[in-house]
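Chemist: Input structure: data_19.txt, which contains compact mmCIF, C-alpha atoms and all ligand atoms.
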# COMPACT_ATOMS: atom_id res chain seq x y z
CA MET A 1037 99.42 76.66 90.27
CA LYS A 1038 97.31 79.76 90.64
CA THR A 1039 99.13 82.84 89.46
CA GLY A 1040 98.27 86.51 89.60
CA ILE A 1041 96.01 88.08 92.17
CA SER A 1042 92.32 88.76 92.67
CA ASN A 1043 90.65 91.69 90.96
CA ARG A 1044 90.25 93.40 94.30
CA SER A 1045 93.90 93.02 95.21
CA GLN A 1046 94.77 94.42 91.83
CA ILE A 1047 92.73 97.56 92.46
CA LEU A 1048 94.39 97.91 95.84
CA ASN A 1049 97.76 97.35 94.22
CA GLU A 1050 97.08 100.09 91.65
CA CYS A 1051 95.79 102.47 94.33
CA LEU A 1052 98.90 101.93 96.40
CA LYS A 1053 101.13 102.42 93.40
CA ALA A 1054 99.46 105.75 92.64
CA LEU A 1055 99.68 106.59 96.33
CA GLY A 1056 103.39 105.78 96.23
CA LEU A 1057 103.77 108.33 93.42
CA VAL A 1058 101.88 111.01 95.30
CA LEU A 1059 103.80 110.20 98.44
CA GLU A 1060 107.20 110.59 96.87
CA PHE A 1061 109.26 112.97 98.93
CA ASP A 1062 112.12 113.44 96.51
CA LEU A 1063 110.57 114.98 93.46
CA ASN A 1064 113.95 115.83 91.99
CA ASP A 1065 114.25 112.08 91.58
CA HIS A 1066 113.26 110.26 88.39
CA PRO A 1067 109.73 111.47 87.55
CA THR A 1068 108.07 108.19 86.65
CA HIS A 1069 110.16 105.48 88.23
CA GLN A 1070 110.58 106.87 91.69
CA HIS A 1071 112.19 105.65 94.88
CA SER A 1072 109.06 104.01 96.31
CA VAL A 1073 108.33 102.17 93.05
CA ARG A 1074 111.93 100.97 92.76
CA VAL A 1075 111.94 99.77 96.36
CA GLY A 1076 108.68 97.88 95.81
CA GLU A 1077 110.02 96.24 92.63
CA SER A 1078 113.35 95.26 94.20
CA CYS A 1079 111.51 93.80 97.20
CA VAL A 1080 109.53 91.57 94.82
CA ILE A 1081 112.69 90.33 93.09
CA ILE A 1082 114.45 89.50 96.35
CA GLY A 1083 111.30 88.08 97.97
CA ASP A 1084 111.01 85.71 94.98
CA LYS A 1085 114.68 84.72 95.27
CA LEU A 1086 114.15 83.91 98.94
CA GLY A 1087 111.16 81.76 98.01
CA LEU A 1088 108.70 83.74 100.16
CA PRO A 1089 104.99 82.82 99.79
CA SER A 1090 103.25 84.80 97.04
CA LYS A 1091 100.98 86.60 99.54
CA LYS A 1092 104.06 87.87 101.38
CA ILE A 1093 105.64 89.00 98.12
CA GLN A 1094 102.52 90.99 97.25
CA GLN A 1095 102.53 92.58 100.69
CA LEU A 1096 106.22 93.32 100.41
CA TYR A 1097 105.52 95.21 97.20
CA PHE A 1098 102.87 97.32 98.98
CA ALA A 1099 105.25 97.89 101.88
CA GLY A 1100 107.93 99.08 99.47
CA LEU A 1101 105.51 101.54 97.90
CA ILE A 1102 104.35 103.14 101.12
CA HIS A 1103 107.12 102.46 103.66
CA ASP A 1104 107.67 106.18 104.30
CA ILE A 1105 104.00 107.10 104.60
CA GLY A 1106 104.57 108.20 108.21
CA LYS A 1107 106.46 111.20 106.85
CA ILE A 1108 103.12 112.89 106.29
CA GLY A 1109 103.16 113.39 110.08
CA VAL A 1110 106.57 115.12 110.07
CA ASP A 1111 106.82 118.91 109.81
CA ILE A 1112 107.32 119.60 106.12
CA ASN A 1113 109.91 122.30 106.84
CA ILE A 1114 112.10 119.69 108.52
CA LEU A 1115 111.73 117.30 105.57
CA ARG A 1116 112.73 120.09 103.21
CA LYS A 1117 115.64 121.42 105.28
CA LYS A 1118 118.85 121.48 103.28
CA SER A 1119 121.28 121.83 106.21
CA THR A 1120 122.08 119.30 108.94
CA LEU A 1121 119.16 118.52 111.24
CA THR A 1122 119.24 119.39 114.95
CA LYS A 1123 118.91 116.52 117.43
CA ASP A 1124 115.23 117.29 118.02
CA GLU A 1125 114.53 117.51 114.30
CA TYR A 1126 116.23 114.18 113.76
CA ILE A 1127 114.10 112.61 116.48
CA SER A 1128 110.92 113.91 114.86
CA VAL A 1129 111.98 112.46 111.47
CA GLN A 1130 112.63 109.09 113.13
CA GLN A 1131 109.08 109.21 114.42
CA HIS A 1132 107.91 108.51 110.82
CA SER A 1133 108.36 104.77 111.23
CA ILE A 1134 106.05 104.69 114.27
CA THR A 1135 103.51 107.00 112.62
CA GLY A 1136 103.62 104.89 109.43
CA GLY A 1137 102.98 101.72 111.42
CA ARG A 1138 99.96 103.33 113.05
CA ILE A 1139 98.53 104.55 109.74
CA ALA A 1140 98.84 101.03 108.26
CA ALA A 1141 97.38 99.41 111.39
CA ALA A 1142 94.25 101.52 111.00
CA ILE A 1143 93.53 100.17 107.51
CA PRO A 1144 92.30 96.57 107.48
CA GLU A 1145 94.00 95.73 104.16
CA LEU A 1146 97.34 96.96 105.45
CA SER A 1147 97.31 95.82 109.04
CA ASP A 1148 99.86 93.03 108.39
CA LEU A 1149 102.20 95.66 107.06
CA SER A 1150 102.06 97.81 110.16
CA PHE A 1151 104.94 95.95 111.85
CA TRP A 1152 107.06 95.99 108.72
CA ILE A 1153 106.63 99.73 108.26
CA ARG A 1154 107.30 100.39 111.94
CA TRP A 1155 110.54 98.42 111.71
CA HIS A 1156 111.89 99.46 108.31
CA HIS A 1157 114.76 101.36 109.97
CA GLU A 1158 115.79 98.55 112.34
CA LYS A 1159 119.29 97.18 111.80
CA TRP A 1160 120.71 93.66 111.90
CA ASP A 1161 122.98 94.50 114.89
CA GLY A 1162 120.17 96.13 116.90
CA SER A 1163 121.36 99.72 116.41
CA GLY A 1164 118.32 100.85 114.40
CA TYR A 1165 115.02 102.36 115.54
CA PRO A 1166 112.37 102.50 117.01
CA ASP A 1167 112.46 99.19 118.93
CA LYS A 1168 116.14 98.22 118.53
CA ILE A 1169 115.35 94.65 117.56
CA SER A 1170 118.11 92.64 115.92
CA GLY A 1171 118.96 89.60 113.75
CA ASN A 1172 116.07 87.28 113.08
CA GLU A 1173 113.88 89.09 115.57
CA ILE A 1174 113.39 91.31 112.53
CA PRO A 1175 110.92 89.59 110.16
CA VAL A 1176 112.66 88.48 106.97
CA GLU A 1177 110.39 90.73 104.89
CA VAL A 1178 111.64 93.74 106.87
CA GLN A 1179 115.23 92.61 106.43
CA VAL A 1180 114.60 92.77 102.68
CA LEU A 1181 112.72 96.06 102.83
CA SER A 1182 115.31 97.88 104.94
CA ALA A 1183 118.28 96.72 102.84
CA VAL A 1184 116.58 97.58 99.56
CA ASP A 1185 115.37 100.92 100.92
CA CYS A 1186 118.87 101.87 101.98
CA PHE A 1187 120.44 100.67 98.71
CA ASP A 1188 117.99 102.69 96.64
CA SER A 1189 118.09 105.77 98.92
CA LEU A 1190 121.84 105.97 98.45
CA GLN A 1191 121.28 106.24 94.70
CA THR A 1192 118.55 108.87 95.07
CA PRO A 1193 119.60 112.53 95.23
CA ARG A 1194 118.77 114.15 98.59
CA LEU A 1195 118.50 117.79 99.58
CA ASP A 1196 121.83 117.66 101.37
CA ARG A 1197 123.80 115.39 98.99
CA ASP A 1198 124.11 114.11 95.42
CA ARG A 1199 123.20 110.56 94.46
CA TYR A 1200 125.77 107.80 94.98
CA SER A 1201 126.78 105.82 91.92
CA LEU A 1202 125.56 102.22 91.73
CA ALA A 1203 129.10 101.00 92.47
CA ASP A 1204 129.48 103.27 95.53
CA ALA A 1205 126.05 102.31 96.87
CA LEU A 1206 126.98 98.67 96.49
CA LYS A 1207 130.24 99.26 98.35
CA ILE A 1208 128.30 100.72 101.31
CA ILE A 1209 125.90 97.76 101.37
CA ILE A 1210 128.87 95.37 101.43
CA GLU A 1211 130.59 97.38 104.18
CA GLN A 1212 127.46 97.18 106.32
CA ARG A 1213 126.93 93.48 105.65
CA GLY A 1214 126.34 91.93 109.09
CA THR A 1215 125.99 95.28 110.90
CA SER A 1216 123.08 97.05 109.24
CA PHE A 1217 121.92 94.19 107.02
CA ASN A 1218 121.44 90.44 107.05
CA PRO A 1219 124.62 89.28 105.21
CA ASP A 1220 122.65 86.91 102.95
CA ILE A 1221 120.34 89.69 101.82
CA ALA A 1222 123.27 92.04 101.23
CA ASP A 1223 124.73 89.28 99.02
CA LEU A 1224 121.46 88.94 97.14
CA ILE A 1225 121.50 92.67 96.40
CA CYS A 1226 125.01 92.32 94.96
CA ASP A 1227 123.87 89.36 92.89
CA MET A 1228 120.79 91.18 91.65
CA THR A 1229 122.91 94.17 90.64
CA ASP A 1230 125.40 91.97 88.78
CA LYS A 1231 122.57 90.45 86.76
CA GLY A 1232 121.13 93.88 85.89
CA GLU A 1233 117.91 93.15 87.78
CA PHE A 1234 118.04 96.50 89.52
CA LYS A 1235 117.43 99.47 87.22
CA PRO A 1236 117.12 103.04 88.47
CA GLU A 1237 115.30 104.38 85.39
CA GLU A 1238 112.85 101.65 84.50
CA SER A 1239 111.38 98.35 85.61
CA SER A 1240 113.81 95.50 84.95
CA GLU A 1241 112.95 92.50 82.77
CA ARG A 1242 113.03 90.33 85.85
CA PHE A 1243 110.52 92.52 87.66
CA LEU A 1244 108.17 92.51 84.67
CA GLN A 1245 108.20 88.70 84.68
CA LEU A 1246 107.50 88.59 88.41
CA GLU A 1247 104.83 91.28 88.13
CA LYS A 1248 102.84 88.90 85.89
CA LYS A 1249 103.32 86.10 88.37
CA TYR A 1250 102.44 87.92 91.58
CA LEU A 1251 100.85 91.30 90.93
CA ILE A 1252 98.65 91.32 87.84
CA ASN A 1253 95.24 89.90 87.15
CA ASP A 1254 94.23 89.63 83.48
CA ALA A 1255 90.48 89.63 84.09
CA GLU A 1256 89.53 93.25 84.49
CA ASP A 1257 85.78 93.43 84.41
CA HIS A 1258 84.71 95.67 87.23
CA GLY A 1259 81.02 94.98 86.57
CA ASP A 1260 78.04 97.31 86.36
CA ASN A 1261 77.52 97.62 90.07
CA TYR A 1262 81.15 98.48 90.78
CA TRP A 1263 80.46 102.08 91.72
CA GLU A 1264 77.31 101.26 93.61
CA GLY A 1265 79.20 99.86 96.49
CA LEU A 1266 80.38 96.35 95.76
CA GLY A 1267 83.67 97.27 94.14
CA MET A 1268 84.19 100.30 96.30
CA ALA A 1269 83.41 98.67 99.61
CA GLY A 1270 86.57 98.50 101.62
CA LEU A 1271 88.48 100.84 99.33
CA TYR A 1272 87.34 103.96 101.18
CA PRO A 1273 89.98 103.78 103.91
CA ILE A 1274 92.69 103.72 101.23
CA LEU A 1275 91.07 106.54 99.27
CA ARG A 1276 90.75 108.66 102.41
CA LEU A 1277 94.37 107.99 103.18
CA PHE A 1278 95.16 109.08 99.63
CA ALA A 1279 93.39 112.39 100.30
CA ARG A 1280 95.22 112.78 103.59
CA VAL A 1281 98.54 112.31 101.83
CA ILE A 1282 97.63 114.84 99.11
CA ASP A 1283 96.67 117.40 101.76
CA ALA A 1284 99.63 116.66 104.00
CA LYS A 1285 102.00 117.47 101.18
CA HIS A 1286 100.68 121.01 101.37
CA GLY A 1287 100.10 121.85 105.02
CA TYR A 1288 98.01 124.94 104.33
CA THR A 1289 95.27 123.04 102.51
CA GLN A 1290 94.75 120.55 105.33
CA GLY A 1291 91.40 118.83 104.95
CA HIS A 1292 90.80 120.47 101.56
CA SER A 1293 90.37 117.22 99.60
CA THR A 1294 88.02 115.78 102.22
CA ARG A 1295 85.85 118.92 102.32
CA VAL A 1296 85.66 119.08 98.52
CA SER A 1297 84.59 115.43 98.55
CA ILE A 1298 81.90 115.97 101.20
CA LEU A 1299 80.51 119.03 99.45
CA SER A 1300 80.57 117.40 96.00
CA LYS A 1301 78.70 114.38 97.29
CA PHE A 1302 76.15 116.68 98.94
CA ILE A 1303 75.56 118.66 95.73
CA ALA A 1304 75.26 115.46 93.65
CA GLU A 1305 72.71 114.06 96.11
CA LYS A 1306 70.63 117.25 96.17
CA ALA A 1307 70.73 117.41 92.35
CA GLY A 1308 69.21 113.92 92.21
CA PHE A 1309 72.13 112.10 90.57
CA SER A 1310 72.25 108.28 90.56
CA THR A 1311 74.05 106.42 93.36
CA SER A 1312 77.02 105.62 91.17
CA GLU A 1313 77.35 109.26 90.06
CA ILE A 1314 77.17 110.42 93.68
CA ILE A 1315 79.97 108.04 94.63
CA LYS A 1316 82.06 109.18 91.68
CA ALA A 1317 81.63 112.82 92.73
CA GLU A 1318 82.72 111.88 96.23
CA VAL A 1319 85.80 109.95 95.07
CA ALA A 1320 86.78 112.57 92.48
CA GLY A 1321 86.57 115.17 95.25
CA LEU A 1322 88.98 113.16 97.38
CA LEU A 1323 91.51 112.75 94.59
CA HIS A 1324 91.13 115.85 92.40
CA ASP A 1325 94.36 117.51 93.51
CA ALA A 1326 96.60 114.42 93.35
CA GLY A 1327 98.58 116.21 90.64
CA LYS A 1328 99.49 119.07 92.97
CA ILE A 1329 102.62 117.15 93.84
CA SER A 1330 103.93 118.38 90.48
CA ILE A 1331 103.96 121.98 91.74
CA PRO A 1332 107.19 122.80 93.59
CA HIS A 1333 106.66 123.73 97.23
CA GLU A 1334 108.47 127.03 96.74
CA ILE A 1335 105.64 128.11 94.44
CA LEU A 1336 102.78 126.88 96.62
CA ASP A 1337 104.32 128.45 99.72
CA LYS A 1338 104.77 131.90 98.21
CA LYS A 1339 103.12 134.63 100.19
CA HIS A 1340 102.20 136.63 97.07
CA ASP A 1341 100.48 135.95 93.75
CA PRO A 1342 102.46 133.58 91.52
CA ASP A 1343 104.19 135.07 88.44
CA SER A 1344 103.31 133.94 84.91
CA ARG A 1345 105.83 131.09 84.76
CA GLU A 1346 104.60 129.81 88.12
CA TRP A 1347 100.97 130.03 87.02
CA GLU A 1348 101.88 127.85 84.07
CA MET A 1349 103.03 125.12 86.46
CA ILE A 1350 99.97 125.52 88.66
CA LYS A 1351 97.70 125.28 85.64
CA ASN A 1352 99.11 121.89 84.73
CA HIS A 1353 98.20 120.19 87.99
CA PRO A 1354 94.84 118.80 86.73
CA LEU A 1355 96.72 117.06 83.92
CA HIS A 1356 99.05 115.50 86.46
CA SER A 1357 96.06 114.36 88.53
CA PHE A 1358 94.78 112.67 85.38
CA HIS A 1359 98.05 110.87 84.68
CA ILE A 1360 98.44 109.62 88.25
CA LEU A 1361 94.86 108.39 88.62
CA ASN A 1362 94.67 106.94 85.13
CA LYS A 1363 97.19 104.34 86.29
CA ILE A 1364 94.38 102.84 88.38
CA SER A 1365 92.24 100.92 85.91
CA SER A 1366 89.05 101.26 87.96
CA MET A 1367 89.64 105.02 88.30
CA ASN A 1368 89.74 105.99 84.62
CA GLU A 1369 86.47 107.91 84.87
CA ILE A 1370 87.66 109.64 88.04
CA ALA A 1371 90.90 110.57 86.28
CA ALA A 1372 88.91 112.19 83.44
CA ILE A 1373 86.84 114.22 85.92
CA THR A 1374 89.88 115.50 87.83
CA LYS A 1375 91.44 116.67 84.56
CA GLN A 1376 88.56 119.11 84.15
CA HIS A 1377 88.10 120.45 87.67
CA HIS A 1378 89.50 123.89 86.79
CA GLU A 1379 87.65 124.24 83.47
CA ARG A 1380 84.94 126.92 83.40
CA LEU A 1381 81.71 127.06 81.35
CA ASP A 1382 82.78 130.10 79.27
CA GLY A 1383 86.12 128.55 78.30
CA SER A 1384 88.17 130.71 80.66
CA GLY A 1385 89.38 127.75 82.74
CA TYR A 1386 92.45 125.56 82.43
CA PRO A 1387 94.32 123.47 81.34
CA VAL A 1388 92.39 123.28 78.02
CA GLY A 1389 89.77 126.05 78.13
CA LEU A 1390 86.87 123.68 77.40
CA LEU A 1391 83.36 125.04 76.89
CA GLU A 1392 80.29 124.06 78.92
CA ASP A 1393 79.09 121.18 76.74
CA ASP A 1394 82.49 119.53 76.81
CA ILE A 1395 82.92 119.63 80.60
CA ASP A 1396 81.84 116.53 82.49
CA ILE A 1397 78.92 117.35 84.77
CA LEU A 1398 80.73 115.83 87.75
CA ALA A 1399 83.76 118.02 87.03
CA GLN A 1400 81.35 120.97 87.14
CA ILE A 1401 80.38 119.88 90.67
CA ILE A 1402 84.00 119.59 91.80
CA ALA A 1403 84.69 123.06 90.33
CA ILE A 1404 82.03 124.56 92.60
CA SER A 1405 83.06 122.73 95.78
CA ASP A 1406 86.74 123.39 95.08
CA THR A 1407 86.19 127.11 94.56
CA PHE A 1408 84.08 127.28 97.69
CA ASP A 1409 86.66 125.58 99.88
CA ALA A 1410 89.59 127.44 98.36
CA ILE A 1411 87.94 130.75 99.30
CA THR A 1412 86.86 129.72 102.78
CA SER A 1413 90.18 128.16 103.77
CA GLU A 1414 93.50 129.89 104.11
CA ARG A 1415 96.00 129.91 101.23
CA SER A 1416 99.61 130.97 101.54
CA TYR A 1417 99.09 134.07 99.43
CA ARG A 1418 95.66 135.00 100.74
CA LYS A 1419 94.06 135.18 104.16
CA GLN A 1420 90.98 133.15 104.91
CA SER A 1421 87.82 134.71 103.49
CA SER A 1422 84.34 134.45 104.88
CA PHE A 1423 81.55 132.20 103.65
CA ASP A 1424 79.91 135.40 102.35
CA ASN A 1425 82.77 135.93 99.91
CA ALA A 1426 82.52 132.34 98.71
CA TYR A 1427 78.76 132.61 98.13
CA ARG A 1428 79.29 135.91 96.31
CA GLU A 1429 81.99 134.43 94.07
CA ILE A 1430 79.81 131.47 93.09
CA LYS A 1431 76.78 133.72 92.60
CA ASN A 1432 78.72 136.10 90.33
CA GLY A 1433 79.89 133.20 88.23
CA LEU A 1434 76.54 131.38 87.88
CA GLY A 1435 75.91 130.36 84.27
CA ARG A 1436 79.21 131.93 83.18
CA LEU A 1437 81.82 130.02 85.20
CA TYR A 1438 79.74 127.60 87.24
CA ASN A 1439 76.73 125.46 86.40
CA ARG A 1440 73.63 127.43 87.35
CA GLU A 1441 71.53 124.64 88.90
CA LEU A 1442 74.42 123.03 90.76
CA GLY A 1443 75.72 126.37 92.01
CA LYS A 1444 72.27 127.28 93.26
CA ILE A 1445 72.16 124.15 95.38
CA LEU A 1446 75.16 125.44 97.27
CA LEU A 1447 73.85 129.02 97.45
CA ASP A 1448 70.58 127.73 98.93
CA THR A 1449 72.47 125.92 101.71
CA PRO A 1450 73.15 128.15 104.73
CA PRO A 1451 76.67 128.32 106.26
CA VAL A 1452 75.54 126.68 109.49
CA TYR A 1453 74.41 123.67 107.48
CA ILE A 1454 77.70 123.43 105.57
CA ARG A 1455 79.73 123.71 108.79
CA ALA A 1456 77.62 120.95 110.35
CA LEU A 1457 78.01 118.84 107.20
CA PHE A 1458 81.82 119.08 107.46
CA ASP A 1459 81.76 118.50 111.18
CA ASN A 1460 79.61 115.40 110.82
CA HIS A 1461 82.10 113.84 108.43
CA ILE A 1462 85.45 114.98 109.81
CA SER A 1463 86.42 113.76 113.23
FE FE B 1501 111.96 105.60 106.17
FE FE B 1502 93.00 121.91 91.87
FE FE B 1503 91.49 121.64 94.96
Before we go any further, please render this structure as structure tokens.

Modeler:
Amino acid sequence: MKTGISNRSQILNECLKALGLVLEFDLNDHPTHQHSVRVGESCVIIGDKLGLPSKKIQQLYFAGLIHDIGKIGVDINILRKKSTLTKDEYISVQQHSITGGRIAAAIPELSDLSFWIRWHHEKWDGSGYPDKISGNEIPVEVQVLSAVDCFDSLQTPRLDRDRYSLADALKIIIEQRGTSFNPDIADLICDMTDKGEFKPEESSERFLQLEKKYLINDAEDHGDNYWEGLGMAGLYPILRLFARVIDAKHGYTQGHSTRVSILSKFIAEKAGFSTSEIIKAEVAGLLHDAGKISIPHEILDKKHDPDSREWEMIKNHPLHSFHILNKISSMNEIAAITKQHHERLDGSGYPVGLLEDDIDILAQIIAISDTFDAITSERSYRKQSSFDNAYREIKNGLGRLYNRELGKILLDTPPVYIRALFDNHIS
């Protein structure tokens, strides 16, 4: 019997896992083994117990990782509200299942999942949302996903309540057996808990066995032409979604990752880099700020300059980008670039204070595009500045902070051209 998955599926799997981490909405939860990862793992264990086909189990894992992706369309202030939601606010949160379904439907690799994500809040007795379907009208995969999601959510601390103990969460699942959940699946959750197959802090032994069977491919040669299109083809929609999620987590930087990517690709092209280097610059631009999820919103939202303790947290975000992206085996080089995107030639950057020769040339490109977009777009503690200011900043730092030749490429490009470049690539 064929076990494991194709190389391509593995890359997708890793991308979605990293996306699940970035997507996490409860950062006071366990830092490395978060809600979305636990839901994905539990879905695999139950899917295996039910004897679902391996393709469905793989998809169920993905669905577990990104089931709440539609929350990127919900006003962040509502998601962060500590008091009870108003009726309208509650309705807009419920919208996340529809939005999530639409996001998945737009990505070829995830289109099968679009129904599952849309229906992950449906209930066995038809009292869920958005379509109020019931019983076996709900696909069995969704019956698993919704029960596991609820079971794990109960044990995850929320803004308005503490976490439930494992025993109390189990009690609620049993109480809602036959109303919210398929009774057989509720029983499987009890069984799984009894056997210690559900672990809040780490992957269980059982999951690790099943991971080998369904989710891992041993052969990991991405080949020389990986970056030149073959390996990357088809991954772009996921990577763009990744960027959208990163930006959505911080409303004020909307489109930032995409613009940094477009500009970095442009500079790499004009500088005469190879095709694979150009693509790496583009992808690193999309993902460079993945680690920003590590910075608490209260700090990013401040209307004044951060204090020294807060700067310390901000300065660590490139390291977090590195750790998140390094989990994707085909993205190790990208991870290394993102780690250096705030380093400066004279050693005045962060997090390490590297000197020119030790900074990856592609990280030097991202540094320029990132600075440019940060100045020209609005930040919480600073009003939007003009293109003139951005050109001046880069010009003043040429050879000292920013690579002279690469910086000059940007300085030689008039604003009208840059605006058109963005407009051509952002619909
Ligand atoms: Fe949800
Ligand atoms: Fe950054
Ligand atoms: Fe950035």

Chemist: List as a tab-separated table (two decimals) with C-alpha atoms, in the coordinates of the input the protein and nucleic acid residues near Met1367 in chain A, meaning an atom at most 10 Å away when all atoms listed in the file are counted, but skip any in the same chain fewer than 4 places from it.

Modeler:
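The result, written out as around00.tsv:
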chain	number	residue	atom	x	y	z
A	1047	ILE	CA	92.73	97.56	92.46
A	1050	GLU	CA	97.08	100.09	91.65
A	1051	CYS	CA	95.79	102.47	94.33
A	1316	LYS	CA	82.06	109.18	91.68
A	1319	VAL	CA	85.80	109.95	95.07
A	1320	ALA	CA	86.78	112.57	92.48
A	1358	PHE	CA	94.78	112.67	85.38
A	1360	ILE	CA	98.44	109.62	88.25
A	1361	LEU	CA	94.86	108.39	88.62
A	1362	ASN	CA	94.67	106.94	85.13
A	1363	LYS	CA	97.19	104.34	86.29
A	1371	ALA	CA	90.90	110.57	86.28
A	1372	ALA	CA	88.91	112.19	83.44
A	1373	ILE	CA	86.84	114.22	85.92

Chemist: Between A:Lys1107, A:Arg1276, A:Arg1455, A:Lys1053, which one has atoms that come closest to ligand FE 1501 (chain B), using all atoms listed in the file?

Modeler: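 That would be A:Lys1107, the residue with the smallest distance to ligand FE 1501 (chain B).
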
Chemist: Applying 9 Å and only C-alpha atoms, which residues near range 1188-1199 of chain A remain after dropping the ones on its own chain fewer than 3 positions away? List them as a PDB file with C-alpha atoms, in the coordinates of the input.

Modeler:
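That gives us around-v3.pdb:
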ATOM      1  CA  ASP A1062     112.120 113.440  96.510  1.00  0.00           C
ATOM      2  CA  ASN A1064     113.950 115.830  91.990  1.00  0.00           C
ATOM      3  CA  ASP A1065     114.250 112.080  91.580  1.00  0.00           C
ATOM      4  CA  HIS A1066     113.260 110.260  88.390  1.00  0.00           C
ATOM      5  CA  GLN A1070     110.580 106.870  91.690  1.00  0.00           C
ATOM      6  CA  HIS A1071     112.190 105.650  94.880  1.00  0.00           C
ATOM      7  CA  ARG A1074     111.930 100.970  92.760  1.00  0.00           C
ATOM      8  CA  VAL A1075     111.940  99.770  96.360  1.00  0.00           C
ATOM      9  CA  ARG A1116     112.730 120.090 103.210  1.00  0.00           C
ATOM     10  CA  LYS A1117     115.640 121.420 105.280  1.00  0.00           C
ATOM     11  CA  LYS A1118     118.850 121.480 103.280  1.00  0.00           C
ATOM     12  CA  SER A1119     121.280 121.830 106.210  1.00  0.00           C
ATOM     13  CA  THR A1120     122.080 119.300 108.940  1.00  0.00           C
ATOM     14  CA  ALA A1183     118.280  96.720 102.840  1.00  0.00           C
ATOM     15  CA  VAL A1184     116.580  97.580  99.560  1.00  0.00           C
ATOM     16  CA  ASP A1185     115.370 100.920 100.920  1.00  0.00           C
ATOM     17  CA  LEU A1202     125.560 102.220  91.730  1.00  0.00           C
ATOM     18  CA  ASP A1204     129.480 103.270  95.530  1.00  0.00           C
ATOM     19  CA  ALA A1205     126.050 102.310  96.870  1.00  0.00           C
ATOM     20  CA  ILE A1208     128.300 100.720 101.310  1.00  0.00           C
ATOM     21  CA  PRO A1236     117.120 103.040  88.470  1.00  0.00           C
TER      22      PRO A1236
END

Chemist: Nearest to ligand FE 1502 (chain B) among A:Glu1379, A:Asp1167, A:Asp1343, A:Glu1238, with distances taken over all atoms listed in the file: which residue is it?

Modeler: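 For ligand FE 1502 (chain B), the nearest of the candidates is A:Glu1379.
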
Chemist: How many Å separate CA of Phe1151 in chain A from CA of Gly1137 in chain A?

Modeler: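 Computing the Euclidean distance for CA of Phe1151 in chain A and CA of Gly1137 in chain A yields 6.1 Å.
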
Chemist: Compute the set of protein, DNA and RNA residues whose minimum atom distance to ligand FE 1503 (chain B) is at most 12 Å, using all atoms listed in the file, and state it as number ranges by chain.

Modeler: A: 1279, 1282-1283, 1286, 1288-1297, 1300, 1320-1328, 1350-1351, 1353-1354, 1357, 1374-1378, 1399, 1402-1411, 1413, 1415

Chemist: Keeping only C-alpha atoms, write the selected residues as a compact mmCIF listing (two decimals), keeping the file's coordinate frame.

Modeler:
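Output below, filename again-v3.txt:
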# COMPACT_ATOMS: atom_id res chain seq x y z
CA ALA A 1279 93.39 112.39 100.30
CA ILE A 1282 97.63 114.84 99.11
CA ASP A 1283 96.67 117.40 101.76
CA HIS A 1286 100.68 121.01 101.37
CA TYR A 1288 98.01 124.94 104.33
CA THR A 1289 95.27 123.04 102.51
CA GLN A 1290 94.75 120.55 105.33
CA GLY A 1291 91.40 118.83 104.95
CA HIS A 1292 90.80 120.47 101.56
CA SER A 1293 90.37 117.22 99.60
CA THR A 1294 88.02 115.78 102.22
CA ARG A 1295 85.85 118.92 102.32
CA VAL A 1296 85.66 119.08 98.52
CA SER A 1297 84.59 115.43 98.55
CA SER A 1300 80.57 117.40 96.00
CA ALA A 1320 86.78 112.57 92.48
CA GLY A 1321 86.57 115.17 95.25
CA LEU A 1322 88.98 113.16 97.38
CA LEU A 1323 91.51 112.75 94.59
CA HIS A 1324 91.13 115.85 92.40
CA ASP A 1325 94.36 117.51 93.51
CA ALA A 1326 96.60 114.42 93.35
CA GLY A 1327 98.58 116.21 90.64
CA LYS A 1328 99.49 119.07 92.97
CA ILE A 1350 99.97 125.52 88.66
CA LYS A 1351 97.70 125.28 85.64
CA HIS A 1353 98.20 120.19 87.99
CA PRO A 1354 94.84 118.80 86.73
CA SER A 1357 96.06 114.36 88.53
CA THR A 1374 89.88 115.50 87.83
CA LYS A 1375 91.44 116.67 84.56
CA GLN A 1376 88.56 119.11 84.15
CA HIS A 1377 88.10 120.45 87.67
CA HIS A 1378 89.50 123.89 86.79
CA ALA A 1399 83.76 118.02 87.03
CA ILE A 1402 84.00 119.59 91.80
CA ALA A 1403 84.69 123.06 90.33
CA ILE A 1404 82.03 124.56 92.60
CA SER A 1405 83.06 122.73 95.78
CA ASP A 1406 86.74 123.39 95.08
CA THR A 1407 86.19 127.11 94.56
CA PHE A 1408 84.08 127.28 97.69
CA ASP A 1409 86.66 125.58 99.88
CA ALA A 1410 89.59 127.44 98.36
CA ILE A 1411 87.94 130.75 99.30
CA SER A 1413 90.18 128.16 103.77
CA ARG A 1415 96.00 129.91 101.23

Chemist: Tell me which of A:Ile1153, A:Lys1123, A:Asp1111, A:Pro1144 sits closest to ligand FE 1501 (chain B), counting all atoms listed in the file.

Modeler: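 For ligand FE 1501 (chain B), the nearest of the given residues is A:Ile1153.
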
Chemist: Quote the spacing between CA of Tyr1250 in chain A and CA of Leu1048 in chain A in Å to one decimal place.

Modeler: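 Between these atoms lies a distance of 13.5 Å.
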
Chemist: Could you list, with a cut-off of 8 Å and counting all atoms listed in the file, the residues of chain A near ligand FE 1501 (chain B), each shown with its nearest atom pair and the distance in Å rounded to one decimal, rows sorted by chain and ascending number, as a Markdown table?

Modeler:
| residue | atom | partner | partner_atom | distance |
| --- | --- | --- | --- | --- |
| A:His1103 | CA | B:FE1501 | FE | 6.3 |
| A:Asp1104 | CA | B:FE1501 | FE | 4.7 |
| A:Lys1107 | CA | B:FE1501 | FE | 7.9 |
| A:Gln1130 | CA | B:FE1501 | FE | 7.8 |
| A:His1132 | CA | B:FE1501 | FE | 6.8 |
| A:Ser1133 | CA | B:FE1501 | FE | 6.3 |
| A:His1156 | CA | B:FE1501 | FE | 6.5 |
| A:His1157 | CA | B:FE1501 | FE | 6.3 |
| A:Asp1185 | CA | B:FE1501 | FE | 7.8 |
